[in-house]
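Text of coords-v3.txt, listed as compact mmCIF, C-alpha atoms:
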# COMPACT_ATOMS: atom_id res chain seq x y z
CA MET A 1208 11.02 37.83 8.54
CA ARG A 1209 14.29 36.12 9.36
CA PRO A 1210 16.33 34.78 6.43
CA SER A 1211 16.03 31.04 5.74
CA LEU A 1212 18.97 28.71 5.46
CA PRO A 1213 20.16 28.55 1.84
CA SER A 1214 18.87 25.45 0.00
CA LEU A 1215 19.22 22.97 2.83
CA GLY A 1216 16.66 20.48 1.52
CA LEU A 1217 15.23 17.71 3.65
CA SER A 1218 18.24 15.41 3.85
CA ALA A 1219 20.50 18.10 5.30
CA ALA A 1220 17.85 19.58 7.55
CA MET A 1221 16.95 16.20 8.95
CA LEU A 1222 20.44 15.87 10.40
CA LEU A 1223 19.24 18.60 12.72
CA LEU A 1224 22.74 20.00 13.08
CA ALA A 1225 24.34 20.48 16.49
CA PRO A 1226 22.47 21.15 19.71
CA GLY A 1227 21.07 24.64 20.39
CA CYS A 1228 23.19 27.38 21.88
CA ASP A 1229 22.43 26.83 25.54
CA ARG A 1230 20.12 23.84 25.61
CA LEU A 1231 20.67 21.21 28.26
CA GLN A 1232 19.25 17.69 28.34
CA ASP A 1233 16.54 18.66 30.85
CA ASP A 1234 15.53 21.91 29.16
CA PRO A 1235 11.85 21.98 28.14
CA ILE A 1236 11.04 22.05 24.41
CA PHE A 1237 7.57 23.00 23.19
CA VAL A 1238 5.51 22.01 20.16
CA TYR A 1239 2.55 24.30 19.59
CA GLY A 1240 -0.51 23.51 17.50
CA ARG A 1241 -4.12 24.25 16.74
CA LEU A 1242 -7.07 21.89 16.32
CA GLU A 1243 -10.08 22.67 14.11
CA ARG A 1244 -13.27 20.91 13.08
CA ARG A 1245 -14.15 20.47 9.42
CA ASP A 1246 -16.04 23.79 9.33
CA GLY A 1247 -13.01 25.68 10.67
CA SER A 1248 -14.35 26.13 14.20
CA SER A 1249 -12.01 25.58 17.12
CA VAL A 1250 -11.93 22.31 19.03
CA THR A 1251 -12.17 23.25 22.69
CA ASP A 1252 -11.12 20.86 25.45
CA GLY A 1253 -9.88 18.46 22.79
CA VAL A 1254 -7.36 15.87 23.97
CA VAL A 1255 -4.32 15.53 21.67
CA PRO A 1256 -2.31 12.39 22.48
CA TYR A 1257 1.29 12.45 21.33
CA ALA A 1258 3.88 9.70 21.03
CA ARG A 1259 7.54 9.21 20.14
CA THR A 1260 9.28 6.48 18.18
CA ALA A 1261 11.29 4.03 20.24
CA HIS A 1262 14.33 4.52 18.01
CA TYR A 1263 15.85 7.63 16.48
CA GLU A 1264 15.81 8.31 12.75
CA PRO A 1265 18.96 6.68 11.28
CA ARG A 1266 20.13 9.74 9.34
CA GLY A 1267 23.61 9.66 7.89
CA GLU A 1268 23.83 5.87 8.08
CA ALA A 1269 24.23 3.92 4.83
CA ASN A 1270 21.91 1.20 3.50
CA VAL A 1271 19.08 1.92 5.92
CA GLU A 1272 15.94 -0.21 5.58
CA TYR A 1273 12.97 1.66 6.98
CA VAL A 1274 10.54 -0.54 8.86
CA MET A 1275 7.30 -0.19 10.76
CA PRO A 1276 7.99 2.12 13.73
CA GLU A 1277 7.05 1.52 17.34
CA PHE A 1278 5.42 4.61 18.84
CA ILE A 1279 5.51 5.00 22.62
CA HIS A 1280 2.89 7.21 24.28
CA SER A 1281 4.51 10.37 25.62
CA GLY A 1282 1.63 12.42 26.95
CA GLU A 1283 -1.40 14.52 26.04
CA GLY A 1284 -2.12 18.13 25.21
CA VAL A 1285 -5.50 19.78 25.75
CA THR A 1286 -6.89 22.56 23.56
CA ASP A 1287 -7.99 25.83 25.09
CA GLY A 1288 -10.98 27.96 24.13
CA TYR A 1289 -9.28 28.95 20.88
CA GLY A 1290 -8.35 25.41 19.83
CA ASP A 1291 -4.68 25.94 20.69
CA PHE A 1292 -2.55 23.33 22.47
CA PHE A 1293 1.05 22.71 23.34
CA LEU A 1294 3.11 19.57 23.87
CA GLU A 1295 6.07 19.67 26.24
CA MET A 1296 9.18 17.50 25.90
CA ARG A 1297 12.68 17.43 27.35
CA TYR A 1298 15.44 18.51 24.99
CA GLY A 1299 17.19 15.19 25.66
CA ASP A 1300 14.06 13.27 24.60
CA VAL A 1301 13.76 15.04 21.24
CA GLN A 1302 17.00 13.74 19.79
CA SER A 1303 19.61 11.11 20.51
CA ALA A 1304 23.32 11.66 20.91
CA ASN A 1305 23.94 8.06 19.74
CA SER A 1306 25.31 8.92 16.33
CA PRO A 1307 28.31 7.85 14.22
CA ASP A 1308 29.32 11.52 14.25
CA PRO A 1309 29.53 12.95 17.79
CA ASP A 1310 28.85 16.45 16.41
CA LEU A 1311 25.48 15.40 14.99
CA HIS A 1312 22.42 14.50 17.01
CA GLN A 1313 19.81 12.16 15.54
CA PRO A 1314 16.08 12.99 15.84
CA PHE A 1315 13.30 10.90 17.21
CA ARG A 1316 10.01 11.13 15.32
CA PHE A 1317 6.91 12.34 17.15
CA ARG A 1318 3.23 12.03 16.34
CA ALA A 1319 0.23 14.10 17.47
CA GLN A 1320 -3.30 12.97 16.63
CA TRP A 1321 -7.01 13.73 16.97
CA ARG A 1322 -10.22 12.05 15.85
CA ASP A 1323 -13.75 13.41 15.94
CA GLU A 1324 -17.01 11.70 16.86
CA THR A 1325 -17.68 10.59 13.24
CA GLY A 1326 -14.40 8.66 13.05
CA ALA A 1327 -12.67 11.22 10.83
CA GLY A 1328 -9.13 11.95 12.00
CA VAL A 1329 -5.96 13.91 11.40
CA PHE A 1330 -2.41 13.47 12.65
CA ALA A 1331 1.02 14.96 12.15
CA SER A 1332 4.23 12.96 12.43
CA PHE A 1333 7.33 15.12 12.59
CA VAL A 1334 10.95 15.55 13.55
CA PHE A 1335 12.37 18.78 14.93
CA HIS A 1336 15.17 20.30 16.98
CA ASP A 1337 13.78 23.06 19.16
CA ASP A 1338 10.53 24.97 19.75
CA VAL A 1339 8.25 24.65 16.69
CA GLU A 1340 4.61 25.07 15.68
CA LEU A 1341 2.71 22.38 13.75
CA PRO A 1342 0.52 23.08 10.73
CA THR A 1343 -3.11 23.49 11.77
CA LEU A 1344 -4.69 20.07 12.35
CA ARG A 1345 -8.11 20.38 10.76
CA ILE A 1346 -10.56 17.56 10.02
CA TRP A 1347 -11.03 17.10 6.27
CA ASP A 1348 -14.40 18.43 5.11
CA SER A 1349 -14.58 15.78 2.39
CA GLN A 1350 -18.37 15.78 1.84
CA LEU A 1351 -18.05 12.06 1.22
CA ALA A 1352 -21.34 10.62 -0.05
CA ILE A 1353 -22.73 7.45 -1.66
CA SER A 1354 -25.53 7.21 -4.21
CA PRO A 1355 -26.95 4.29 -6.22
CA GLY A 1356 -25.91 3.82 -9.86
CA MET A 1357 -26.51 1.43 -12.73
CA GLU A 1358 -23.14 -0.34 -12.34
CA GLY A 1359 -22.82 -0.04 -8.56
CA SER A 1360 -22.61 2.50 -5.76
CA ILE A 1361 -21.25 5.92 -6.81
CA VAL A 1362 -18.75 7.45 -4.38
CA SER A 1363 -18.53 11.24 -4.53
CA PHE A 1364 -16.53 13.77 -2.53
CA GLY A 1365 -15.55 17.44 -2.51
CA ALA A 1366 -12.36 19.44 -2.23
CA LEU A 1367 -9.10 18.04 -0.87
CA PRO A 1368 -7.46 19.31 2.32
CA PRO A 1369 -5.51 22.54 1.69
CA VAL A 1370 -1.73 22.43 1.38
CA PRO A 1371 -0.23 23.26 4.82
CA VAL A 1372 1.13 26.79 5.19
CA PRO A 1373 3.66 28.03 7.78
CA PRO A 1374 2.23 29.55 10.97
CA LEU A 1375 3.14 33.13 11.85
CA THR A 1376 6.10 31.89 13.87
CA GLY A 1377 7.63 29.95 10.97
CA GLU A 1378 8.47 30.11 7.29
CA TYR A 1379 9.09 27.81 4.36
CA ALA A 1380 12.40 26.03 4.19
CA MET A 1381 14.25 26.83 0.97
CA THR A 1382 15.44 24.66 -1.86
CA SER A 1383 16.62 25.26 -5.44
CA ASP A 1384 15.04 24.59 -8.82
CA GLU A 1385 16.63 23.05 -11.93
CA HIS A 1386 18.22 26.44 -12.70
CA GLN A 1387 19.74 26.69 -9.20
CA ASN A 1388 17.39 29.50 -8.21
CA VAL A 1389 16.55 29.52 -4.50
CA ILE A 1390 12.81 28.93 -4.06
CA PRO A 1391 10.48 27.97 -1.19
CA ASN A 1392 10.33 24.24 -0.55
CA LEU A 1393 6.55 23.96 -0.64
CA PRO A 1394 4.70 21.02 0.95
CA THR A 1395 3.33 18.41 -1.42
CA THR A 1396 -0.24 18.73 -2.64
CA PRO A 1397 -2.56 16.13 -1.07
CA GLU A 1398 -3.89 13.43 -3.41
CA PRO A 1399 -7.08 11.51 -2.63
CA ALA A 1400 -6.81 7.79 -2.01
CA LEU A 1401 -10.09 5.90 -1.82
CA PHE A 1402 -10.16 2.88 0.49
CA LEU A 1403 -12.74 0.13 0.71
CA VAL A 1404 -12.60 -1.81 3.97
CA ASP A 1405 -14.43 -4.80 5.37
CA GLY A 1406 -14.34 -5.55 9.07
CA GLY A 1407 -11.28 -3.31 9.46
CA GLN A 1408 -9.39 -5.12 6.68
CA PRO A 1409 -8.38 -3.34 3.44
CA LEU A 1410 -10.67 -4.52 0.64
CA PHE A 1411 -9.56 -2.23 -2.19
CA ARG A 1412 -7.65 1.02 -2.84
CA VAL A 1413 -7.75 3.59 -5.64
CA TRP A 1414 -4.90 6.09 -5.68
CA ALA A 1415 -5.59 9.63 -7.02
CA ALA A 1416 -9.28 8.75 -7.10
CA SER A 1417 -11.85 10.97 -8.78
CA SER A 1418 -15.24 11.88 -7.37
CA GLY A 1419 -17.87 9.72 -9.04
CA TRP A 1420 -15.87 6.49 -8.71
CA VAL A 1421 -18.10 3.42 -8.98
CA ALA A 1422 -17.78 0.54 -6.52
CA ASN A 1423 -18.73 -2.25 -8.94
CA ARG A 1424 -19.89 -5.74 -7.95
CA PHE A 1425 -16.54 -7.32 -8.80
CA VAL A 1426 -14.65 -5.06 -6.39
CA LEU A 1427 -17.17 -5.65 -3.59
CA GLU A 1428 -17.35 -9.41 -4.30
CA ASP A 1429 -19.28 -11.24 -1.55
CA PHE A 1430 -17.76 -9.42 1.42
CA ALA A 1431 -20.42 -8.81 4.04
CA GLN A 1432 -19.69 -5.34 5.46
CA PRO A 1433 -17.97 -3.15 2.88
CA ALA A 1434 -17.40 0.51 3.69
CA VAL A 1435 -15.61 3.40 2.00
CA MET A 1436 -13.35 6.17 3.29
CA LEU A 1437 -10.79 8.61 1.90
CA ARG A 1438 -7.22 9.31 2.93
CA ALA A 1439 -4.74 12.02 1.93
CA HIS A 1440 -1.41 13.35 3.16
CA SER A 1441 1.09 16.16 2.64
CA LEU A 1442 4.85 16.21 3.31
CA GLY A 1443 6.63 19.46 4.11
CA GLU A 1444 9.35 21.35 5.90
CA PHE A 1445 9.13 24.65 7.79
CA MET A 1446 11.84 26.64 9.57
CA PHE A 1447 11.65 28.18 13.05
CA TYR A 1448 13.98 30.39 15.08
CA PRO A 1449 13.24 29.85 18.79
CA LEU A 1450 14.63 32.10 21.46
CA GLY A 1451 17.58 30.60 23.27
CA GLY A 1452 18.31 28.06 20.55
CA LYS A 1453 19.52 27.68 17.00
CA HIS A 1454 17.16 27.49 14.05
CA SER A 1455 14.89 24.45 14.09
CA PRO A 1456 13.54 22.70 11.00
CA LEU A 1457 10.18 21.00 11.32
CA VAL A 1458 9.89 18.13 8.83
CA PHE A 1459 6.36 16.81 8.86
CA ARG A 1460 3.71 14.55 7.42
CA VAL A 1461 0.09 15.64 7.89
CA ASP A 1462 -2.30 12.76 7.23
CA TRP A 1463 -6.09 12.91 6.99
CA ARG A 1464 -8.73 10.18 7.02
CA THR A 1465 -12.48 10.63 6.64
CA GLU A 1466 -15.30 8.85 8.37
CA GLU A 1467 -16.33 5.46 6.93
CA LEU A 1468 -19.63 5.11 5.07
CA PRO A 1469 -21.23 1.67 4.60
CA LEU A 1470 -21.76 0.30 1.09
CA PRO A 1471 -24.52 -2.13 0.04
CA PRO A 1472 -23.02 -5.64 -0.24
CA ALA A 1473 -22.87 -7.08 -3.76
CA GLY A 1474 -23.07 -10.78 -2.87
CA LEU A 1475 -21.03 -11.83 -5.91
CA ARG A 1476 -19.01 -15.02 -5.39
CA PRO A 1477 -15.99 -15.46 -7.72
CA VAL A 1478 -15.61 -18.72 -9.65
CA SER A 1479 -12.05 -18.88 -8.26
CA ARG A 1480 -13.25 -19.29 -4.66
CA GLY A 1481 -11.54 -22.35 -3.23
CA ALA A 1482 -9.41 -23.00 -6.33
CA THR A 1483 -6.05 -24.69 -5.85
CA CYS A 1484 -2.92 -22.75 -6.64
CA GLN A 1485 0.74 -22.98 -7.55
CA PRO A 1486 2.93 -22.26 -5.70
CA ALA A 1487 0.98 -24.42 -3.29
CA PRO A 1488 0.89 -23.66 0.44
CA SER A 1489 2.88 -25.94 2.72
CA ARG A 1490 -0.38 -27.12 4.21
CA GLY A 1491 -4.07 -26.36 3.97
CA ALA A 1492 -6.09 -24.75 1.21
CA CYS A 1493 -4.84 -22.02 -1.11
CA PRO A 1494 -4.77 -18.79 0.97
CA TRP A 1495 -5.18 -16.58 -2.12
CA THR A 1496 -8.61 -17.92 -3.10
CA ASP A 1497 -10.20 -18.46 0.30
CA GLY A 1498 -12.16 -15.18 0.51
CA ARG A 1499 -9.99 -13.82 3.33
CA LEU A 1500 -8.12 -10.53 3.05
CA GLU A 1501 -4.99 -11.23 5.07
CA ARG A 1502 -1.82 -10.89 2.97
CA VAL A 1503 0.20 -14.10 2.75
CA ALA A 1504 3.71 -14.46 1.35
CA LEU A 1505 3.99 -16.64 -1.75
CA GLY A 1506 7.01 -18.41 -0.29
CA LEU A 1507 10.37 -17.83 1.29
CA LYS A 1508 11.42 -16.09 -1.92
CA PRO A 1509 9.42 -13.91 -4.35
CA VAL A 1510 7.91 -15.73 -7.35
CA ASP A 1511 7.29 -14.71 -10.96
CA ALA A 1512 3.76 -16.14 -11.26
CA LEU A 1513 0.73 -17.42 -9.39
CA THR A 1514 -1.40 -20.05 -11.16
CA LEU A 1515 -4.94 -21.04 -10.19
CA THR A 1516 -6.65 -24.27 -11.23
CA LEU A 1517 -10.43 -23.92 -11.47
CA GLU A 1518 -12.75 -26.89 -10.82
CA GLU A 1519 -13.86 -26.83 -14.45
CA PRO A 1520 -13.31 -24.61 -17.52
CA ARG A 1521 -15.01 -21.22 -17.27
CA SER A 1522 -15.48 -18.23 -19.58
CA LEU A 1523 -14.04 -15.36 -17.53
CA ARG A 1524 -14.75 -11.65 -17.82
CA HIS A 1525 -13.18 -9.87 -14.83
CA ALA A 1526 -10.24 -10.13 -12.40
CA VAL A 1527 -9.50 -8.49 -9.06
CA VAL A 1528 -6.14 -8.56 -7.25
CA ARG A 1529 -6.06 -7.53 -3.60
CA GLY A 1530 -3.13 -6.69 -1.32
CA ALA A 1531 -0.28 -7.43 -3.75
CA GLU A 1532 3.30 -6.59 -2.79
CA GLY A 1533 6.50 -6.97 -4.78
CA ASN A 1534 8.46 -5.57 -7.68
CA PHE A 1535 5.91 -4.76 -10.41
CA LEU A 1536 3.85 -1.96 -11.96
CA GLY A 1537 0.93 -4.19 -12.86
CA PHE A 1538 -0.07 -7.71 -13.85
CA VAL A 1539 -0.71 -9.74 -16.97
CA VAL A 1540 -3.59 -12.21 -16.61
CA GLU A 1541 -3.39 -15.30 -18.82
CA GLY A 1542 -5.69 -18.28 -19.33
CA SER A 1543 -5.25 -21.85 -20.58
CA LEU A 1544 -7.17 -25.08 -20.98
CA ASP A 1545 -4.14 -27.37 -20.59
CA ALA A 1546 -1.57 -25.24 -18.64
CA GLU A 1547 0.70 -25.39 -21.70
CA GLN A 1548 -0.77 -23.01 -24.29
CA TRP A 1549 -1.48 -19.63 -22.69
CA THR A 1550 -3.55 -16.71 -23.97
CA ARG A 1551 -3.33 -13.18 -22.60
CA MET A 1552 -6.75 -12.17 -21.26
CA GLY A 1553 -6.04 -8.81 -19.66
CA VAL A 1554 -3.61 -6.30 -18.20
CA LEU A 1555 -4.04 -4.69 -14.78
CA ARG A 1556 -2.17 -1.56 -13.67
CA ASN A 1557 -1.19 -0.34 -10.20
CA PHE A 1558 -2.19 3.17 -11.30
CA ALA A 1559 -4.10 4.73 -14.17
CA LYS A 1560 -2.09 4.93 -17.40
CA ASP A 1561 -1.79 8.73 -17.24
CA TYR A 1562 -0.98 8.91 -13.51
CA VAL A 1563 2.04 11.08 -12.61
CA PRO A 1564 3.46 10.31 -9.14
CA PRO A 1565 4.15 13.13 -6.67
CA PRO A 1566 7.63 14.73 -6.94
CA LEU A 1567 9.30 13.28 -3.85
CA ASN A 1568 12.84 12.86 -5.21
CA ARG A 1569 13.84 16.37 -4.20
CA ARG A 1570 13.20 15.43 -0.59
CA GLY A 1571 16.31 13.38 -0.03
CA PRO A 1572 17.65 9.99 -1.07
CA ARG A 1573 15.19 8.18 1.21
CA ALA A 1574 11.93 10.08 0.99
CA TYR A 1575 10.19 11.05 4.20
CA ASN A 1576 7.14 9.46 2.59
CA GLU A 1577 8.83 6.07 2.83
CA GLN A 1578 9.89 6.55 6.44
CA THR A 1579 6.42 7.61 7.59
CA GLN A 1580 4.20 5.31 5.52
CA TRP A 1581 3.24 3.25 8.63
CA ASP A 1582 2.72 6.22 10.97
CA SER A 1583 -1.08 6.31 11.03
CA PRO A 1584 -2.55 5.57 14.49
CA PHE A 1585 -5.93 4.93 12.80
CA ASP A 1586 -5.23 2.84 9.69
CA GLY A 1587 -2.55 0.79 7.98
CA ARG A 1588 0.26 1.54 5.56
CA PHE A 1589 -0.21 4.53 3.23
CA SER A 1590 2.21 4.83 0.33
CA TRP A 1591 1.49 5.23 -3.36
CA SER A 1592 4.69 3.42 -4.37
CA GLN A 1593 5.19 0.72 -1.74
CA GLY A 1594 1.70 -0.73 -1.77
CA PRO A 1595 0.02 -3.00 -0.99
CA HIS A 1596 -1.60 -2.65 -4.42
CA PHE A 1597 -5.17 -3.38 -5.46
CA LEU A 1598 -6.04 -3.84 -9.12
CA GLU A 1599 -9.11 -4.82 -11.14
CA GLY A 1600 -10.21 -4.89 -14.73
CA PRO A 1601 -12.09 -6.69 -17.50
CA LEU A 1602 -10.80 -9.81 -19.26
CA GLU A 1603 -10.98 -10.54 -22.97
CA PRO A 1604 -13.54 -13.23 -24.01
CA VAL A 1605 -11.07 -15.90 -25.12
CA GLY A 1606 -13.36 -18.86 -24.44
CA PRO A 1607 -13.37 -21.32 -21.52
CA VAL A 1608 -10.16 -21.68 -19.50
CA ARG A 1609 -9.37 -23.89 -16.54
CA TYR A 1610 -6.02 -22.39 -15.57
CA VAL A 1611 -5.48 -18.73 -14.71
CA ARG A 1612 -1.98 -17.30 -14.41
CA LEU A 1613 -1.08 -13.98 -12.79
CA ARG A 1614 2.33 -12.60 -13.86
CA PRO A 1615 3.96 -9.33 -12.69
CA ALA A 1616 4.54 -6.73 -15.39
CA SER A 1617 6.28 -3.47 -16.22
CA PHE A 1618 5.37 -1.07 -19.05
CA ASP A 1619 7.49 0.22 -21.93
CA HIS A 1620 7.46 3.78 -23.30
CA ALA A 1621 4.53 2.94 -25.51
CA GLY A 1622 2.56 1.72 -22.49
CA GLU A 1623 2.69 -1.94 -23.51
CA ALA A 1624 2.87 -4.52 -20.72
CA GLN A 1625 6.05 -6.60 -20.49
CA VAL A 1626 6.23 -9.59 -18.17
CA SER A 1627 8.79 -8.59 -15.56
CA GLY A 1628 9.17 -8.53 -11.79
CA GLU A 1629 8.32 -10.62 -8.75
CA ILE A 1630 5.40 -11.12 -6.36
CA GLN A 1631 6.21 -11.24 -2.65
CA ALA A 1632 2.79 -11.39 -1.03
CA LEU A 1633 -0.88 -11.34 -1.94
CA GLY A 1634 -4.22 -11.04 -0.22
CA GLU A 1635 -6.60 -12.51 -2.79
CA LEU A 1636 -6.89 -13.22 -6.52
CA SER A 1637 -10.50 -13.40 -7.74
CA VAL A 1638 -11.82 -14.11 -11.24
CA PHE A 1639 -15.45 -13.89 -12.33
CA GLU A 1640 -17.64 -15.22 -15.12
As structure tokens, how would this structure be written, given the file I've shared?
Amino acid sequence: MRPSLPSLGLSAAMLLLAPGCDRLQDDPIFVYGRLERRDGSSVTDGVVPYARTAHYEPRGEANVEYVMPEFIHSGEGVTDGYGDFFLEMRYGDVQSANSPDPDLHQPFRFRAQWRDETGAGVFASFVFHDDVELPTLRIWDSQLAISPGMEGSIVSFGALPPVPVPPLTGEYAMTSDEHQNVIPNLPTTPEPALFLVDGGQPLFRVWAASSGWVANRFVLEDFAQPAVMLRAHSLGEFMFYPLGGKHSPLVFRVDWRTEELPLPPAGLRPVSRGATCQPAPSRGACPWTDGRLERVALGLKPVDALTLTLEEPRSLRHAVVRGAEGNFLGFVVEGSLDAEQWTRMGVLRNFAKDYVPPPLNRRGPRAYNEQTQWDSPFDGRFSWSQGPHFLEGPLEPVGPVRYVRLRPASFDHAGEAQVSGEIQALGELSVFE
């Protein structure tokens, strides 16, 4: 095995160094891969479309704001009888010479994808320098299933996708631990995210979900065609040493999505449906109580509260927040009869109280997770930290209230909610009797 570069880490490797020894702009560069079904069998004659971002990765440039990428179709690979495929590019199409430093070339990001007949899919988005081999692209054998329960449909599933391992042609990139010992820079362990969708729109999300999660009536509300699926991803970095070129890092995101299974509708209409709100929209009804899932900004600037006015006082027992974006770790829900004296009714969290986020800080000042969160060709944004966030929970029985106020919150070391932060956008706020 060839020696790895000493403790490069993602941020250095992503600069992709100088061009290879003898590579010219028209030299062919190859990306090899393998496609497998959920049982491990090879996908023969499978078509693997691949695409490239329209703009190179802005490495080395200060104050970069990563935005939704535009992928341009580049071509297709076809698997052989063993499930193997290759993608061919020009060296000049893999990276751009348009860089603040003429000695550094900037990479474009590529994406290869496949989806089976059930709707389950897998893709890899990646940056590289020279000939590389992708982690095996295998459909997740999630064993996703739905069964009836007393409180709602029970969603169960099996093992997560395995952590990607280097192919025979590659090896782990190296990093260092807190004691400065050189260690393999292992890919992140996939975490399950459970998604409810309705008509292609995100209805709810549970990060780091556990098998046996219950889709209760409040979460399903009165949406007509709810369905459930799972997603997971892993970030990693392998090293390769192609003939005729310098070493090539492969920095990748492998992302899995399962098939969608329909859920029985709950038919539960919230008492907040059609309620007026403050801040009020410039025209029309309140877009955050209309039963539609599209996210709508709360104004030209973020706000520190959203207040609903119900038609008449109600005794509330549950709240659901859908598609929230902004600077917060959760919400405080308050109620009032006169919009002057407020009582805290509940606290909602973005994540479970004991949730520990994945260790992405070691992967550079701007995590590859953030850059690639929009990369899915099948579904929308996928990021544990950036949202959009979906929250739900019970409310304390404080008596009838006519006004409901949603305020962003953070949490102190004791886990107590402190009103703090801003809301930028929201899909829907629903409260129930």
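Nearest residue to Glu1629 (chain A) among A:Ala1380, A:Val1274, A:Leu1513, A:Met1552 is A:Leu1513, counting all atoms listed in the file.
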Legend entry - Contacts of Val1528 (chain A) at 6 Å (only C-alpha atoms; same-chain gap of 6+ positions) as a PyMOL selection string: chain A and resi 1597-1598+1635-1636
Inset, instruction - Determine, counting all atoms listed in the file, which protein, DNA and RNA residues have an atom within 9 Å of an atom of Asn1576 (chain A); residues of the same chain fewer than 5 positions away are not included. Present the result as a ChimeraX atom specification. - result: /A:1442,1460,1567,1589-1590
With region 1390-1414 of chain A as the partner and 8 Å as the cut-off, tabulate the residues of region 1494-1531 of chain A that qualify, each row holding the nearest pair of atoms and their distance in Å to one decimal, using all atoms listed in the file, sorted by chain and rising number, as CSV.
residue,atom,partner,partner_atom,distance
A:Leu1500,CA,A:Gln1408,CA,6.6
A:Glu1501,CA,A:Gln1408,CA,7.7
A:Arg1529,CA,A:Phe1411,CA,6.5
A:Gly1530,CA,A:Pro1409,CA,7.8
Contacts of Pro1488 (chain A) at 10 Å (all atoms listed in the file; same-chain gap of 3+ positions) as a CSV table (one decimal) with C-alpha atoms, in the coordinates of the input:
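Saved to result_30.csv:
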chain,number,residue,atom,x,y,z
A,1483,THR,CA,-6.0,-24.7,-5.8
A,1484,CYS,CA,-2.9,-22.8,-6.6
A,1485,GLN,CA,0.7,-23.0,-7.6
A,1491,GLY,CA,-4.1,-26.4,4.0
A,1492,ALA,CA,-6.1,-24.8,1.2
A,1493,CYS,CA,-4.8,-22.0,-1.1
A,1494,PRO,CA,-4.8,-18.8,1.0
A,1495,TRP,CA,-5.2,-16.6,-2.1
A,1503,VAL,CA,0.2,-14.1,2.8
A,1504,ALA,CA,3.7,-14.5,1.4
A,1505,LEU,CA,4.0,-16.6,-1.8
A,1506,GLY,CA,7.0,-18.4,-0.3
Inset, instruction - Check the smallest atom-to-atom distance from each of A:Ser1363, A:Gln1232, A:Thr1343, A:Ser1583 to Arg1297 (chain A) using all atoms listed in the file, then report the winner. - result: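 Among the listed residues, the smallest separation from Arg1297 (chain A) belongs to A:Gln1232.
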Legend entry - For CA of His1336 (chain A) and CA of Ser1249 (chain A), the interatomic separation in Å (one decimal): 27.7 Å
Which residues, protein or nucleic acid, reach to within 8 Å of (3.5, 9.6, 25.3) in the file's coordinates when using all atoms listed in the file, and can you give that as an mmCIF file with C-alpha atoms, in the coordinates of the input?
data_model
loop_
_atom_site.group_PDB
_atom_site.id
_atom_site.type_symbol
_atom_site.label_atom_id
_atom_site.label_comp_id
_atom_site.auth_asym_id
_atom_site.auth_seq_id
_atom_site.Cartn_x
_atom_site.Cartn_y
_atom_site.Cartn_z
ATOM 1 C CA PRO A 1256 -2.310 12.390 22.480
ATOM 2 C CA TYR A 1257 1.290 12.450 21.330
ATOM 3 C CA ALA A 1258 3.880 9.700 21.030
ATOM 4 C CA ARG A 1259 7.540 9.210 20.140
ATOM 5 C CA ILE A 1279 5.510 5.000 22.620
ATOM 6 C CA HIS A 1280 2.890 7.210 24.280
ATOM 7 C CA SER A 1281 4.510 10.370 25.620
ATOM 8 C CA GLY A 1282 1.630 12.420 26.950
ATOM 9 C CA GLU A 1283 -1.400 14.520 26.040
#
Legend entry - Closest of A:Leu1468, A:Leu1517, A:Met1296, A:Leu1242 to Ala1482 (chain A) - atom-to-atom distances counting only C-alpha atoms: A:Leu1517
Legend entry - Contact residues around Arg1464 (chain A) with all atoms listed in the file at 8 Å, ignoring same-chain residues under 2 positions, as a list in words: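 Here the answer would be Ala1327, Gly1328, Val1329, Trp1347, Met1436, Leu1437, Arg1438, Ala1439, Asp1462 and Glu1466 of chain A.
Pairwise distance (CA of Leu1375 (chain A), CA of Arg1345 (chain A)) equals 17.0 Å.
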